[in-house]
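Shown here: coords19.tsv, TSV, C-alpha atoms.
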```tsv
chain	number	residue	atom	x	y	z
K	1	MET	CA	0.00	0.00	0.00
K	2	SER	CA	1.42	3.35	-1.02
K	3	ARG	CA	2.00	6.21	1.39
K	4	ARG	CA	-0.61	8.29	-0.43
K	5	SER	CA	-3.16	5.49	-0.05
K	6	ARG	CA	-2.43	5.16	3.70
K	7	THR	CA	-2.76	8.94	4.13
K	8	LYS	CA	-6.07	8.93	2.26
K	9	GLY	CA	-7.34	6.07	4.44
K	10	SER	CA	-6.32	7.68	7.72
K	11	SER	CA	-7.81	10.99	6.65
K	12	ALA	CA	-11.10	9.23	5.77
K	13	GLU	CA	-11.17	7.50	9.17
K	14	ARG	CA	-10.67	10.81	10.99
K	15	GLU	CA	-13.40	12.45	8.88
K	16	VAL	CA	-15.87	9.66	9.70
K	17	ALA	CA	-14.92	9.78	13.39
K	18	ASP	CA	-15.70	13.52	13.42
K	19	LEU	CA	-19.05	13.01	11.64
K	20	LEU	CA	-20.09	10.29	14.07
K	21	PHE	CA	-19.05	12.38	17.07
K	22	ALA	CA	-21.20	15.25	15.76
K	23	GLU	CA	-24.19	12.89	15.41
K	24	LEU	CA	-23.77	10.69	18.50
K	25	GLY	CA	-21.45	12.44	20.93
K	26	ILE	CA	-19.31	9.28	20.94
K	27	ARG	CA	-15.61	9.63	20.30
K	28	PHE	CA	-13.94	7.22	17.90
K	29	GLN	CA	-10.26	6.61	17.53
K	30	ARG	CA	-8.43	4.94	14.69
K	31	ASP	CA	-7.44	1.36	15.38
K	32	LEU	CA	-3.81	1.10	14.38
K	33	GLU	CA	-3.69	-2.58	15.39
K	34	GLN	CA	-6.62	-3.69	13.23
K	35	VAL	CA	-4.34	-4.89	10.42
K	36	ARG	CA	-3.14	-7.64	12.75
K	37	ASP	CA	-6.54	-8.36	14.32
K	38	GLU	CA	-9.37	-8.53	11.78
K	39	GLY	CA	-12.03	-8.60	14.50
K	40	ARG	CA	-11.66	-4.94	15.45
K	41	GLY	CA	-12.61	-2.65	12.57
K	42	ASP	CA	-11.15	0.70	11.60
K	43	LEU	CA	-12.62	2.89	14.35
K	44	ILE	CA	-12.99	2.07	18.04
K	45	PRO	CA	-15.77	3.87	19.96
K	46	ASP	CA	-15.26	5.13	23.51
K	47	ASP	CA	-18.74	3.79	24.33
K	48	PRO	CA	-18.70	-0.04	24.63
K	49	GLY	CA	-22.43	-0.09	23.88
K	50	PHE	CA	-21.94	1.13	20.30
K	51	PRO	CA	-23.43	-1.74	18.27
K	52	PHE	CA	-21.43	-1.59	15.03
K	53	LEU	CA	-18.05	-2.70	13.82
K	54	LEU	CA	-16.95	0.00	11.38
K	55	GLU	CA	-14.95	-0.47	8.20
K	56	VAL	CA	-14.14	2.82	6.46
K	57	LYS	CA	-13.38	2.80	2.72
K	58	ARG	CA	-12.39	5.74	0.53
K	59	ARG	CA	-11.72	5.53	-3.19
K	60	ALA	CA	-11.57	7.98	-6.06
K	61	VAL	CA	-14.49	6.15	-7.69
K	62	ALA	CA	-16.85	4.39	-5.29
K	63	ASN	CA	-20.42	4.61	-6.53
K	64	THR	CA	-21.44	1.40	-4.76
K	65	CYS	CA	-20.15	-0.67	-1.88
K	66	GLU	CA	-17.92	-3.51	-3.02
K	67	GLY	CA	-18.78	-7.05	-2.00
K	68	ALA	CA	-15.25	-7.55	-0.65
K	69	TRP	CA	-15.76	-4.63	1.75
K	70	GLU	CA	-19.02	-6.15	2.97
K	71	ALA	CA	-17.36	-9.55	3.43
K	72	GLN	CA	-14.49	-7.98	5.39
K	73	ALA	CA	-16.90	-6.12	7.68
K	74	PHE	CA	-19.04	-9.22	8.17
K	75	ARG	CA	-16.08	-11.45	9.11
K	76	ALA	CA	-14.74	-8.88	11.58
K	77	ALA	CA	-18.19	-8.19	13.07
K	78	GLU	CA	-18.81	-11.92	13.60
K	79	LYS	CA	-15.63	-12.16	15.67
K	80	SER	CA	-16.60	-9.17	17.82
K	81	HIS	CA	-20.36	-9.96	18.07
K	82	LEU	CA	-21.32	-6.59	16.59
K	83	HIS	CA	-23.37	-5.53	13.58
K	84	PRO	CA	-21.22	-5.03	10.44
K	85	CYS	CA	-21.05	-1.57	8.90
K	86	VAL	CA	-19.14	-0.32	5.86
K	87	ILE	CA	-18.87	3.45	5.57
K	88	TYR	CA	-17.59	4.46	2.14
K	89	ARG	CA	-17.40	7.26	-0.36
K	90	GLY	CA	-15.85	8.28	-3.64
K	91	ASP	CA	-14.35	11.63	-4.48
K	92	ARG	CA	-16.84	14.50	-4.34
K	93	ARG	CA	-19.59	12.19	-3.12
K	94	PRO	CA	-21.32	11.91	0.28
K	95	TRP	CA	-20.53	9.22	2.81
K	96	ARG	CA	-22.76	6.13	2.53
K	97	CYS	CA	-23.25	3.41	5.15
K	98	ARG	CA	-24.05	-0.26	4.53
K	99	ILE	CA	-25.47	-2.22	7.47
K	100	TYR	CA	-27.28	-5.52	7.81
K	101	ALA	CA	-31.06	-5.27	7.86
K	102	ASP	CA	-31.10	-7.12	11.21
K	103	ALA	CA	-29.59	-3.98	12.79
K	104	VAL	CA	-32.52	-1.97	11.46
K	105	ALA	CA	-34.91	-4.62	12.83
K	106	GLU	CA	-33.24	-4.38	16.26
K	107	ALA	CA	-33.61	-0.58	16.16
K	108	PHE	CA	-37.37	-1.12	15.86
K	109	GLY	CA	-37.39	-3.63	18.73
K	110	ALA	CA	-37.61	-6.74	16.55
K	111	VAL	CA	-35.24	-9.67	16.29
K	112	GLY	CA	-34.36	-10.96	12.91
K	113	VAL	CA	-31.57	-12.59	11.04
K	114	SER	CA	-31.00	-11.13	7.62
K	115	THR	CA	-28.29	-11.51	5.05
K	116	ARG	CA	-29.51	-8.42	3.20
K	117	TRP	CA	-27.63	-5.17	3.35
K	118	PHE	CA	-29.38	-1.85	3.96
K	119	GLU	CA	-27.90	1.43	2.75
K	120	THR	CA	-28.25	4.78	4.49
K	121	ASP	CA	-26.34	7.96	5.19
K	122	VAL	CA	-24.38	8.85	8.33
K	123	GLN	CA	-27.47	10.36	9.99
K	124	GLY	CA	-29.42	7.15	9.35
K	125	LEU	CA	-26.60	5.07	10.80
K	126	ALA	CA	-26.55	7.31	13.88
K	127	TRP	CA	-30.33	6.94	14.31
K	128	VAL	CA	-30.12	3.13	14.12
K	129	ALA	CA	-27.20	3.10	16.59
K	130	ARG	CA	-29.07	5.35	19.06
K	131	GLU	CA	-32.21	3.19	18.89
K	132	ILE	CA	-30.28	-0.05	19.39
K	133	MET	CA	-28.33	1.39	22.32
K	134	ALA	CA	-31.52	2.74	23.95
K	135	GLY	CA	-33.30	-0.59	23.47
K	136	ARG	CA	-30.41	-2.55	24.97
K	137	ALA	CA	-30.22	-0.16	27.93
K	138	GLN	CA	-33.91	-0.79	28.72
K	139	ALA	CA	-33.53	-4.58	28.50
```
Turn the structure described in the file into structure tokens.
Amino acid sequence: MSRRSRTKGSSAEREVADLLFAELGIRFQRDLEQVRDEGRGDLIPDDPGFPFLLEVKRRAVANTCEGAWEAQAFRAAEKSHLHPCVIYRGDRRPWRCRIYADAVAEAFGAVGVSTRWFETDVQGLAWVAREIMAGRAQA
């Protein structure tokens, strides 16, 4: 991986961390060890109740989420017992978030197992996370 690519990736992770902090009030830090431990994701929340494992992807052209990104997030989320989430964007495009539909079901108080991905924006991801965290706190 080139230095420019690493810089672009770290910059994307910091940008996403800032967006999520603005939406949720939860601080996220980059996980510099995640290359060695696939079960951790790119960003680590300071709130252990945050229900997603986050993979952040940034490419010049990224109009859709790649299947390999979804697979990576799913494998890592399985190890950590979290919902998988891929946050991605291409140049001059908004951030998009891919999450499993079972996370959306949990946000509405239902339990379901789904292998379908649901796409939303950062605000939608924050809403789902808040609802899941509130529901788990009441349980």
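Restricting the calculation to all atoms listed in the file, the smallest distance between Trp95 in chain K and any of K:Ile44, K:Ile132, K:Leu53, K:Ala62 is found for K:Ala62.
Summary of the local environment: counting only C-alpha atoms, residues at most 9 Å from Glu23 in chain K, other than itself and those fewer than 4 positions away along its chain, are Asp18, Leu19, Val122, Gln123, Ala126 and Trp127 of chain K.
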Residues within 6 Å of Arg27 in chain K, all atoms listed in the file, excluding chain neighbours under 6 positions, as an NGL selection string: :K and (21 or 45-46)
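From CA of Gly112 in chain K back to CA of Lys57 in chain K, the distance works out to 27.1 Å.
Considering the residues K:Gly135, K:Gly41, K:Asn63, K:Phe50 and counting all atoms listed in the file, Leu24 in chain K has its shortest atom-to-atom contact with K:Phe50.
Non-sequential neighbours of Ala134 in chain K (distance at most 10 Å, separation of 5 or more positions within a chain, all atoms listed in the file) are Gly49, Ala107, Val128, Ala129 and Ala139 of chain K.
Among the candidates K:Ile99, K:Cys65, K:Ala137, K:Ile87, the one nearest to Glu13 in chain K when counting all atoms listed in the file is K:Ile87.
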Å distance separating CA of Ser80 in chain K from CA of Phe118 in chain K, one decimal place: 20.2 Å
Selection near His81 in chain K, 9 Å with all atoms listed in the file, sequence-local residues under 5 positions removed, as a list in words: Pro51, Phe52, Leu53 and Ala76 of chain K
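Of the listed residues (K:Leu43, K:Met133, K:Ala77, K:Cys97), K:Cys97 comes nearest to Thr64 in chain K; the distances count all atoms listed in the file.
Comparing K:Asp47, K:Ala68, K:Leu125, K:Val113 by their smallest distance to Cys85 in chain K, the closest is K:Leu125 (using only C-alpha atoms).
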Protein and nucleic acid residues near (-16.4, -13.6, 16.5) (cut-off 12 Å, all atoms listed in the file) as a PyMOL selection string: chain K and resi 37-40+53+73-84
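Going from CA of Trp117 in chain K over to CA of Arg96 in chain K, you cover 12.3 Å.
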